[in-house]
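Student: I'm passing along input_24.cif; it holds mmCIF, N, CA and C atoms.
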data_start
#
loop_
_atom_site.label_atom_id
_atom_site.label_comp_id
_atom_site.auth_asym_id
_atom_site.auth_seq_id
_atom_site.Cartn_x
_atom_site.Cartn_y
_atom_site.Cartn_z
N MET B 1 231.77 134.06 345.99
CA MET B 1 231.14 133.34 347.08
C MET B 1 229.75 132.91 346.62
N LYS B 2 229.44 131.67 346.81
CA LYS B 2 228.11 131.13 346.52
C LYS B 2 227.27 131.18 347.80
N LEU B 3 226.02 131.58 347.66
CA LEU B 3 225.10 131.63 348.79
C LEU B 3 223.96 130.66 348.58
N ARG B 4 223.48 130.13 349.71
CA ARG B 4 222.25 129.33 349.70
C ARG B 4 221.28 130.00 350.66
N PHE B 5 220.13 130.35 350.14
CA PHE B 5 219.08 131.00 350.91
C PHE B 5 218.57 130.06 351.99
N LEU B 6 218.52 130.54 353.24
CA LEU B 6 217.97 129.74 354.34
C LEU B 6 216.58 130.21 354.73
N GLY B 7 216.34 131.52 354.71
CA GLY B 7 215.02 132.02 355.06
C GLY B 7 215.04 133.51 355.32
N LYS B 8 213.84 134.05 355.45
CA LYS B 8 213.72 135.48 355.72
C LYS B 8 212.53 135.73 356.61
N ASN B 9 212.55 136.86 357.27
CA ASN B 9 211.44 137.34 358.08
C ASN B 9 210.94 138.59 357.38
N SER B 10 209.82 138.48 356.71
CA SER B 10 209.36 139.57 355.87
C SER B 10 208.02 140.13 356.28
N THR B 11 207.96 141.41 356.13
CA THR B 11 206.71 142.15 356.11
C THR B 11 206.88 143.07 354.90
N PRO B 12 205.80 143.62 354.38
CA PRO B 12 205.98 144.48 353.20
C PRO B 12 207.04 145.55 353.44
N GLY B 13 208.04 145.58 352.57
CA GLY B 13 209.10 146.57 352.66
C GLY B 13 210.27 146.19 353.55
N ASP B 14 210.17 145.11 354.30
CA ASP B 14 211.25 144.67 355.18
C ASP B 14 211.65 143.25 354.81
N SER B 15 212.95 142.98 354.85
CA SER B 15 213.35 141.65 354.42
C SER B 15 214.64 141.14 355.05
N PRO B 16 214.77 141.13 356.38
CA PRO B 16 215.96 140.48 356.94
C PRO B 16 216.05 139.04 356.43
N THR B 17 217.24 138.64 356.01
CA THR B 17 217.43 137.36 355.34
C THR B 17 218.69 136.69 355.86
N LEU B 18 218.67 135.36 355.88
CA LEU B 18 219.81 134.56 356.33
C LEU B 18 220.23 133.62 355.20
N TYR B 19 221.53 133.61 354.93
CA TYR B 19 222.12 132.74 353.91
C TYR B 19 223.27 131.96 354.54
N VAL B 20 223.58 130.82 353.95
CA VAL B 20 224.81 130.11 354.27
C VAL B 20 225.70 130.22 353.04
N SER B 21 227.01 130.39 353.27
CA SER B 21 227.93 130.54 352.14
C SER B 21 228.76 129.27 351.94
N ASP B 22 229.50 129.26 350.86
CA ASP B 22 230.43 128.16 350.59
C ASP B 22 231.79 128.41 351.25
N ARG B 23 231.84 129.40 352.15
CA ARG B 23 233.09 129.74 352.85
C ARG B 23 232.99 129.48 354.35
N ASP B 24 232.13 128.52 354.74
CA ASP B 24 231.96 128.17 356.15
C ASP B 24 231.53 129.39 356.97
N SER B 25 230.57 130.14 356.40
CA SER B 25 230.07 131.33 357.07
C SER B 25 228.59 131.50 356.76
N TYR B 26 228.00 132.43 357.51
CA TYR B 26 226.62 132.85 357.25
C TYR B 26 226.65 134.30 356.85
N VAL B 27 225.71 134.68 356.00
CA VAL B 27 225.53 136.07 355.62
C VAL B 27 224.19 136.51 356.21
N VAL B 28 224.25 137.56 357.02
CA VAL B 28 223.07 138.09 357.69
C VAL B 28 222.74 139.43 357.04
N GLN B 29 221.56 139.49 356.43
CA GLN B 29 221.08 140.73 355.81
C GLN B 29 220.04 141.33 356.73
N GLY B 30 220.23 142.60 357.06
CA GLY B 30 219.28 143.25 357.95
C GLY B 30 219.24 144.75 357.74
N TRP B 31 218.45 145.41 358.58
CA TRP B 31 218.28 146.86 358.48
C TRP B 31 219.52 147.57 358.97
N LYS B 32 219.93 148.62 358.26
CA LYS B 32 221.02 149.47 358.72
C LYS B 32 220.59 150.12 360.04
N VAL B 33 221.54 150.31 360.93
CA VAL B 33 221.25 150.92 362.22
C VAL B 33 221.44 152.43 362.09
N TYR B 34 220.33 153.16 362.22
CA TYR B 34 220.36 154.63 362.13
C TYR B 34 220.05 155.31 363.45
N ALA B 35 219.39 154.61 364.38
CA ALA B 35 218.95 155.23 365.62
C ALA B 35 220.15 155.66 366.47
N ASN B 36 220.20 156.94 366.82
CA ASN B 36 221.33 157.46 367.59
C ASN B 36 221.52 156.76 368.92
N ASP B 37 220.42 156.40 369.60
CA ASP B 37 220.56 155.73 370.89
C ASP B 37 221.25 154.37 370.73
N LEU B 38 221.04 153.71 369.62
CA LEU B 38 221.73 152.44 369.37
C LEU B 38 223.17 152.69 368.92
N LEU B 39 223.35 153.62 368.00
CA LEU B 39 224.69 153.90 367.48
C LEU B 39 225.66 154.30 368.58
N MET B 40 225.16 155.04 369.57
CA MET B 40 226.03 155.48 370.66
C MET B 40 226.51 154.31 371.52
N GLN B 41 225.82 153.19 371.48
CA GLN B 41 226.21 152.02 372.27
C GLN B 41 227.16 151.09 371.52
N LEU B 42 227.40 151.36 370.26
CA LEU B 42 228.20 150.47 369.43
C LEU B 42 229.62 150.99 369.24
N ASP B 43 230.54 150.07 369.12
CA ASP B 43 231.91 150.38 368.74
C ASP B 43 232.17 149.57 367.47
N VAL B 44 231.98 150.21 366.33
CA VAL B 44 232.08 149.50 365.06
C VAL B 44 233.39 149.88 364.38
N PRO B 45 234.35 148.95 364.35
CA PRO B 45 235.65 149.23 363.73
C PRO B 45 235.52 149.41 362.21
N GLU B 46 236.52 150.02 361.63
CA GLU B 46 236.62 150.19 360.18
C GLU B 46 236.47 148.83 359.50
N GLY B 47 235.68 148.77 358.44
CA GLY B 47 235.48 147.52 357.70
C GLY B 47 234.35 146.66 358.24
N GLN B 48 233.74 147.10 359.33
CA GLN B 48 232.61 146.37 359.89
C GLN B 48 231.36 147.25 359.87
N THR B 49 230.22 146.62 360.07
CA THR B 49 228.97 147.33 360.22
C THR B 49 228.08 146.54 361.15
N ALA B 50 226.95 147.12 361.48
CA ALA B 50 225.98 146.45 362.34
C ALA B 50 224.63 146.50 361.63
N VAL B 51 223.89 145.41 361.73
CA VAL B 51 222.55 145.33 361.16
C VAL B 51 221.59 144.87 362.24
N GLU B 52 220.34 145.29 362.09
CA GLU B 52 219.29 144.90 363.04
C GLU B 52 218.40 143.85 362.37
N VAL B 53 218.15 142.76 363.10
CA VAL B 53 217.30 141.68 362.58
C VAL B 53 216.42 141.16 363.70
N PRO B 54 215.27 140.58 363.36
CA PRO B 54 214.47 139.92 364.39
C PRO B 54 215.23 138.68 364.89
N THR B 55 215.17 138.44 366.17
CA THR B 55 215.84 137.26 366.73
C THR B 55 215.35 135.99 366.04
N GLU B 56 214.09 135.99 365.64
CA GLU B 56 213.49 134.82 364.98
C GLU B 56 214.15 134.48 363.65
N LEU B 57 214.92 135.40 363.08
CA LEU B 57 215.59 135.11 361.81
C LEU B 57 216.44 133.85 361.92
N PHE B 58 217.03 133.64 363.09
CA PHE B 58 217.94 132.51 363.26
C PHE B 58 217.23 131.16 363.29
N LYS B 59 215.89 131.15 363.37
CA LYS B 59 215.16 129.88 363.29
C LYS B 59 215.41 129.19 361.95
N HIS B 60 215.81 129.97 360.94
CA HIS B 60 216.08 129.41 359.62
C HIS B 60 217.37 128.60 359.57
N LEU B 61 218.12 128.57 360.67
CA LEU B 61 219.31 127.72 360.72
C LEU B 61 218.94 126.25 360.61
N THR B 62 217.69 125.92 360.91
CA THR B 62 217.24 124.53 360.75
C THR B 62 217.31 124.11 359.28
N GLU B 63 217.25 125.07 358.36
CA GLU B 63 217.38 124.77 356.93
C GLU B 63 218.82 124.42 356.56
N ASP B 64 219.74 124.62 357.49
CA ASP B 64 221.14 124.26 357.28
C ASP B 64 221.52 123.06 358.16
N GLY B 65 220.50 122.32 358.61
CA GLY B 65 220.76 121.11 359.36
C GLY B 65 220.89 121.28 360.86
N GLN B 66 220.70 122.47 361.37
CA GLN B 66 220.75 122.66 362.82
C GLN B 66 219.45 122.18 363.44
N GLU B 67 219.55 121.60 364.62
CA GLU B 67 218.37 121.09 365.32
C GLU B 67 217.40 122.21 365.65
N SER B 68 217.94 123.36 365.98
CA SER B 68 217.13 124.51 366.37
C SER B 68 217.87 125.78 365.99
N GLY B 69 217.11 126.86 365.84
CA GLY B 69 217.71 128.15 365.60
C GLY B 69 217.46 129.07 366.78
N GLU B 70 217.16 128.48 367.93
CA GLU B 70 216.88 129.28 369.13
C GLU B 70 218.17 129.83 369.72
N ILE B 71 218.23 131.14 369.82
CA ILE B 71 219.40 131.79 370.40
C ILE B 71 219.38 131.55 371.91
N LYS B 72 220.46 130.95 372.42
CA LYS B 72 220.56 130.65 373.85
C LYS B 72 221.61 131.52 374.54
N ARG B 73 222.49 132.11 373.73
CA ARG B 73 223.54 132.97 374.28
C ARG B 73 223.59 134.24 373.44
N PHE B 74 223.48 135.35 374.09
CA PHE B 74 223.54 136.63 373.40
C PHE B 74 224.95 137.19 373.53
N ILE B 75 225.83 136.67 372.67
CA ILE B 75 227.24 137.03 372.64
C ILE B 75 227.57 137.42 371.20
N ALA B 76 228.77 137.96 370.99
CA ALA B 76 229.19 138.33 369.64
C ALA B 76 229.03 137.13 368.71
N PRO B 77 228.44 137.36 367.57
CA PRO B 77 228.30 138.61 366.83
C PRO B 77 227.07 139.45 367.21
N ILE B 78 226.21 138.97 368.13
CA ILE B 78 225.11 139.80 368.61
C ILE B 78 225.70 140.74 369.65
N VAL B 79 225.56 142.05 369.41
CA VAL B 79 226.17 143.02 370.32
C VAL B 79 225.14 143.76 371.17
N LEU B 80 223.88 143.75 370.75
CA LEU B 80 222.81 144.39 371.52
C LEU B 80 221.50 143.67 371.25
N THR B 81 220.61 143.73 372.21
CA THR B 81 219.22 143.31 371.99
C THR B 81 218.34 144.52 372.26
N THR B 82 217.19 144.56 371.60
CA THR B 82 216.31 145.72 371.76
C THR B 82 215.02 145.31 372.45
N GLU B 83 214.32 146.28 372.94
CA GLU B 83 213.02 146.04 373.59
C GLU B 83 211.99 145.54 372.58
N GLN B 84 212.23 145.77 371.31
CA GLN B 84 211.30 145.34 370.27
C GLN B 84 211.50 143.88 369.84
N GLY B 85 212.42 143.18 370.48
CA GLY B 85 212.65 141.78 370.15
C GLY B 85 213.57 141.58 368.96
N THR B 86 214.37 142.60 368.68
CA THR B 86 215.35 142.46 367.61
C THR B 86 216.74 142.42 368.23
N CYS B 87 217.70 142.08 367.41
CA CYS B 87 219.08 142.10 367.88
C CYS B 87 219.95 142.83 366.87
N ILE B 88 221.01 143.41 367.38
CA ILE B 88 222.00 144.09 366.55
C ILE B 88 223.16 143.13 366.39
N VAL B 89 223.45 142.79 365.14
CA VAL B 89 224.50 141.83 364.80
C VAL B 89 225.60 142.61 364.10
N GLN B 90 226.83 142.41 364.54
CA GLN B 90 227.96 143.17 364.00
C GLN B 90 228.98 142.23 363.39
N GLY B 91 229.57 142.68 362.29
CA GLY B 91 230.61 141.89 361.66
C GLY B 91 231.15 142.59 360.43
N PRO B 92 232.05 141.91 359.72
CA PRO B 92 232.65 142.49 358.51
C PRO B 92 231.58 142.76 357.45
N VAL B 93 231.68 143.93 356.84
CA VAL B 93 230.79 144.25 355.74
C VAL B 93 231.04 143.25 354.62
N MET B 94 229.98 142.67 354.12
CA MET B 94 230.09 141.68 353.05
C MET B 94 229.95 142.41 351.72
N ARG B 95 231.03 142.45 350.94
CA ARG B 95 231.03 143.16 349.67
C ARG B 95 231.45 142.27 348.50
N ASP B 96 231.36 140.97 348.67
CA ASP B 96 231.70 140.03 347.60
C ASP B 96 230.71 140.22 346.45
N ALA B 97 231.22 140.61 345.27
CA ALA B 97 230.36 140.93 344.13
C ALA B 97 229.49 139.74 343.71
N GLU B 98 230.05 138.54 343.72
CA GLU B 98 229.28 137.36 343.33
C GLU B 98 228.12 137.13 344.29
N ALA B 99 228.39 137.26 345.59
CA ALA B 99 227.34 137.07 346.59
C ALA B 99 226.27 138.15 346.46
N LEU B 100 226.70 139.39 346.33
CA LEU B 100 225.75 140.49 346.23
C LEU B 100 224.84 140.35 345.01
N SER B 101 225.36 139.75 343.94
CA SER B 101 224.54 139.56 342.74
C SER B 101 223.43 138.54 342.97
N GLN B 102 223.54 137.75 344.03
CA GLN B 102 222.52 136.74 344.34
C GLN B 102 221.47 137.26 345.32
N MET B 103 221.62 138.51 345.75
CA MET B 103 220.76 139.07 346.79
C MET B 103 219.99 140.27 346.26
N ARG B 104 218.88 140.58 346.94
CA ARG B 104 218.19 141.85 346.74
C ARG B 104 218.49 142.66 348.00
N LEU B 105 219.22 143.74 347.85
CA LEU B 105 219.68 144.52 348.99
C LEU B 105 219.21 145.96 348.85
N PRO B 106 218.05 146.29 349.47
CA PRO B 106 217.56 147.67 349.38
C PRO B 106 218.54 148.64 350.05
N ASP B 107 218.41 149.93 349.74
CA ASP B 107 219.31 150.96 350.28
C ASP B 107 219.31 151.01 351.80
N TYR B 108 218.21 150.65 352.45
CA TYR B 108 218.10 150.75 353.91
C TYR B 108 218.57 149.48 354.61
N GLU B 109 219.16 148.54 353.85
CA GLU B 109 219.68 147.31 354.44
C GLU B 109 221.15 147.15 354.08
N ASP B 110 221.81 146.31 354.86
CA ASP B 110 223.20 145.95 354.61
C ASP B 110 223.36 144.49 355.01
N CYS B 111 224.53 143.94 354.78
CA CYS B 111 224.74 142.55 355.18
C CYS B 111 226.16 142.37 355.68
N ILE B 112 226.29 141.37 356.54
CA ILE B 112 227.59 141.04 357.11
C ILE B 112 227.84 139.55 356.92
N GLU B 113 229.11 139.20 356.92
CA GLU B 113 229.50 137.79 356.87
C GLU B 113 230.03 137.41 358.24
N VAL B 114 229.48 136.32 358.79
CA VAL B 114 229.81 135.88 360.13
C VAL B 114 230.31 134.44 360.07
N PRO B 115 231.44 134.13 360.69
CA PRO B 115 231.92 132.75 360.69
C PRO B 115 230.86 131.79 361.25
N ARG B 116 230.76 130.63 360.66
CA ARG B 116 229.81 129.61 361.10
C ARG B 116 229.98 129.32 362.59
N SER B 117 231.22 129.23 363.06
CA SER B 117 231.47 128.90 364.46
C SER B 117 230.89 129.96 365.40
N SER B 118 230.92 131.23 365.00
CA SER B 118 230.36 132.29 365.83
C SER B 118 228.85 132.17 365.95
N VAL B 119 228.19 131.81 364.87
CA VAL B 119 226.74 131.63 364.90
C VAL B 119 226.39 130.38 365.71
N MET B 120 227.16 129.32 365.56
CA MET B 120 226.89 128.09 366.32
C MET B 120 227.02 128.34 367.82
N ALA B 121 227.94 129.22 368.22
CA ALA B 121 228.12 129.52 369.64
C ALA B 121 226.87 130.18 370.23
N LEU B 122 226.09 130.87 369.40
CA LEU B 122 224.85 131.49 369.88
C LEU B 122 223.81 130.46 370.28
N LEU B 123 223.90 129.26 369.71
CA LEU B 123 222.91 128.21 369.94
C LEU B 123 223.25 127.31 371.12
N GLU B 124 224.44 127.47 371.69
CA GLU B 124 224.89 126.60 372.78
C GLU B 124 224.38 127.11 374.12
N GLU B 125 224.10 126.18 375.02
CA GLU B 125 223.71 126.56 376.37
C GLU B 125 224.85 127.32 377.02
N SER B 126 224.51 128.33 377.76
CA SER B 126 225.51 129.15 378.43
C SER B 126 225.94 128.50 379.74
N GLY B 127 227.23 128.51 380.00
CA GLY B 127 227.74 127.99 381.25
C GLY B 127 227.82 129.06 382.32
N GLY B 128 227.58 130.29 381.95
CA GLY B 128 227.66 131.41 382.89
C GLY B 128 226.77 132.53 382.41
N VAL B 129 227.04 133.70 382.89
CA VAL B 129 226.24 134.86 382.54
C VAL B 129 226.70 135.42 381.21
N ASP B 130 225.75 135.66 380.31
CA ASP B 130 226.06 136.35 379.07
C ASP B 130 226.13 137.83 379.36
N HIS B 131 227.14 138.47 378.87
CA HIS B 131 227.33 139.89 379.12
C HIS B 131 226.78 140.68 377.95
N GLN B 132 225.48 140.69 377.85
CA GLN B 132 224.78 141.36 376.76
C GLN B 132 224.20 142.67 377.24
N ARG B 133 224.46 143.72 376.51
CA ARG B 133 223.91 145.02 376.85
C ARG B 133 222.57 145.19 376.17
N PRO B 134 221.50 145.35 376.91
CA PRO B 134 220.23 145.63 376.26
C PRO B 134 220.22 147.06 375.75
N ALA B 135 219.54 147.27 374.65
CA ALA B 135 219.46 148.62 374.07
C ALA B 135 218.42 149.43 374.78
#
Rewrite the structure of this file - the entire thing - as structure tokens.

Tutor:
Amino acid sequence: MKLRFLGKNSTPGDSPTLYVSDRDSYVVQGWKVYANDLLMQLDVPEGQTAVEVPTELFKHLTEDGQESGEIKRFIAPIVLTTEQGTCIVQGPVMRDAEALSQMRLPDYEDCIEVPRSSVMALLEESGGVDHQRPA
């Protein structure tokens, strides 16, 4: 899988990052979820994981030709939002060796691959109530 870097939200030691792949998907790199209060709210099936990222990470979708990266609907793949302004994004663990060789992935981070259509749905105006559980 080939990745194209879209952007990151960095502070020293932290590096949530967004990539677009050549497989009509996005790769979201974020912090592993360790907090018990968050873990207890998640149902993570085998082969999937959840990562925490700042909501602002999605502003980098403009680097992939999107008009805006403003999240308008908090639906899957976003499964929780936190009081700190971050979101928990869940999806298949991304373990493609070629893709991983293009990334810097510290031990406290992981990444998921999310279909492009799922991310685009986050940017659409909601026609009803989003059923998002706040953390």

Student: For a quick check of understanding, using only C-alpha atoms, which of B:Met1, B:Leu122, B:Val28, B:Ala50 has the smallest distance to Gly69 in chain B?

Tutor: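 Once distances to Gly69 in chain B are computed over only C-alpha atoms, the minimum belongs to B:Leu122.
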
Student: Please evaluate the PyMOL selection byres (((chain B and resi 41-43 and name CA) around 10) and name CA) against the structure above and give the resulting residues as a list in words.

Tutor: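 Applying the expression gives Asn36, Asp37, Leu38, Leu39, Met40, Val44, Pro45, Glu46, Gln48, Thr49, Ala50, Val79, Leu80, Ile88, Gln90, Arg133, Pro134 and Ala135 of chain B.
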
Student: Just so the selection is clear, what residues does the PyMOL selection byres ((chain B and resi 101-117) around 7) cover here, as a list in words?

Tutor: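 Selected by the PyMOL selection byres ((chain B and resi 101-117) around 7) here: Arg23, Asp24, Ser25, Tyr26, Val27, Val28, Gln29, Gly30, Trp31, Lys32, Thr49, Val51, Gln90, Gly91, Pro92, Val93, Met94, Arg95, Asp96, Ala97, Glu98, Ala99, Leu100, Ser118, Val119, Met120, Ala121 and Leu122 of chain B.
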
Student: Just asking: which residues within chain B are alpha helix (DSSP H) according to DSSP, as a list in words?

Tutor: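 Taking chain B and keeping alpha helix (DSSP H) gives Asn36, Asp37, Leu38, Leu39, Ala97, Glu98, Ala99, Leu100, Arg116, Ser117, Ser118, Val119, Met120, Ala121 and Leu122 of chain B.
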
Student: For atom N of Thr82 in chain B and CA of Lys59 in chain B, quote the distance in Å rounded to one decimal.

Tutor: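 Distance between the two atoms: 17.0 Å.
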
Student: Could you state which residues are captured by the PyMOL selection byres ((chain B and resi 6-9) around 6) in this file, as a list in words?

Tutor: Arg4, Phe5, Ser10, Thr11, Asp14, Ser15, Pro16, Thr17, Leu18, Tyr19, Val20, Leu57, His60 and Glu63 of chain B

Student: How many Å lie between CA of Thr86 in chain B and CA of Asp64 in chain B, rounded to one decimal?

Tutor: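 Taking CA of Thr86 in chain B and CA of Asp64 in chain B, their separation equals 21.7 Å.
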
Student: What is the CA of Leu3 in chain B-CA of Glu125 in chain B distance in Å, reported with one decimal?

Tutor: 28.1 Å

Student: Quick one: axis-aligned box around all listed atoms of range 3-9 of chain B, 4 Å on every side, centre and edge lengths in Å to one decimal, written as AutoDock Vina command-line options.

Tutor:
--center_x 218.5 --center_y 134.0 --center_z 352.9 --size_x 23.1 --size_y 17.3 --size_z 18.4

Student: Working from the structure I just supplied, which lacks atoms in range 98-118 of chain B, can you model N, CA, C and O atoms there and output them as a compact mmCIF listing (two decimals), in the frame of the given file?

Tutor:
# COMPACT_ATOMS: atom_id res chain seq x y z
N GLU B 98 230.05 138.54 343.72
CA GLU B 98 229.28 137.36 343.33
C GLU B 98 228.12 137.13 344.29
O GLU B 98 226.99 136.87 343.88
N ALA B 99 228.39 137.26 345.59
CA ALA B 99 227.34 137.07 346.59
C ALA B 99 226.27 138.15 346.46
O ALA B 99 225.07 137.86 346.49
N LEU B 100 226.70 139.39 346.33
CA LEU B 100 225.75 140.49 346.23
C LEU B 100 224.84 140.35 345.01
O LEU B 100 223.68 140.74 345.05
N SER B 101 225.36 139.75 343.94
CA SER B 101 224.54 139.56 342.74
C SER B 101 223.43 138.54 342.97
O SER B 101 222.46 138.50 342.20
N GLN B 102 223.54 137.75 344.03
CA GLN B 102 222.52 136.74 344.34
C GLN B 102 221.47 137.26 345.32
O GLN B 102 220.54 136.56 345.67
N MET B 103 221.62 138.51 345.75
CA MET B 103 220.76 139.07 346.79
C MET B 103 219.99 140.27 346.26
O MET B 103 220.40 140.91 345.32
N ARG B 104 218.88 140.58 346.94
CA ARG B 104 218.19 141.85 346.74
C ARG B 104 218.49 142.66 348.00
O ARG B 104 218.06 142.28 349.09
N LEU B 105 219.22 143.74 347.85
CA LEU B 105 219.68 144.52 348.99
C LEU B 105 219.21 145.96 348.85
O LEU B 105 219.85 146.78 348.21
N PRO B 106 218.05 146.29 349.47
CA PRO B 106 217.56 147.67 349.38
C PRO B 106 218.54 148.64 350.05
O PRO B 106 219.39 148.25 350.86
N ASP B 107 218.41 149.93 349.74
CA ASP B 107 219.31 150.96 350.28
C ASP B 107 219.31 151.01 351.80
O ASP B 107 220.30 151.40 352.40
N TYR B 108 218.21 150.65 352.45
CA TYR B 108 218.10 150.75 353.91
C TYR B 108 218.57 149.48 354.61
O TYR B 108 218.41 149.33 355.81
N GLU B 109 219.16 148.54 353.85
CA GLU B 109 219.68 147.31 354.44
C GLU B 109 221.15 147.15 354.08
O GLU B 109 221.66 147.74 353.14
N ASP B 110 221.81 146.31 354.86
CA ASP B 110 223.20 145.95 354.61
C ASP B 110 223.36 144.49 355.01
O ASP B 110 222.42 143.87 355.52
N CYS B 111 224.53 143.94 354.78
CA CYS B 111 224.74 142.55 355.18
C CYS B 111 226.16 142.37 355.68
O CYS B 111 227.08 143.11 355.34
N ILE B 112 226.29 141.37 356.54
CA ILE B 112 227.59 141.04 357.11
C ILE B 112 227.84 139.55 356.92
O ILE B 112 226.91 138.76 356.77
N GLU B 113 229.11 139.20 356.92
CA GLU B 113 229.50 137.79 356.87
C GLU B 113 230.03 137.41 358.24
O GLU B 113 230.87 138.10 358.81
N VAL B 114 229.48 136.32 358.79
CA VAL B 114 229.81 135.88 360.13
C VAL B 114 230.31 134.44 360.07
O VAL B 114 229.65 133.59 359.45
N PRO B 115 231.44 134.13 360.69
CA PRO B 115 231.92 132.75 360.69
C PRO B 115 230.86 131.79 361.25
O PRO B 115 230.16 132.12 362.21
N ARG B 116 230.76 130.63 360.66
CA ARG B 116 229.81 129.61 361.10
C ARG B 116 229.98 129.32 362.59
O ARG B 116 229.01 129.20 363.32
N SER B 117 231.22 129.23 363.06
CA SER B 117 231.47 128.90 364.46
C SER B 117 230.89 129.96 365.40
O SER B 117 230.42 129.63 366.48
N SER B 118 230.92 131.23 365.00
CA SER B 118 230.36 132.29 365.83
C SER B 118 228.85 132.17 365.95
O SER B 118 228.28 132.40 367.02
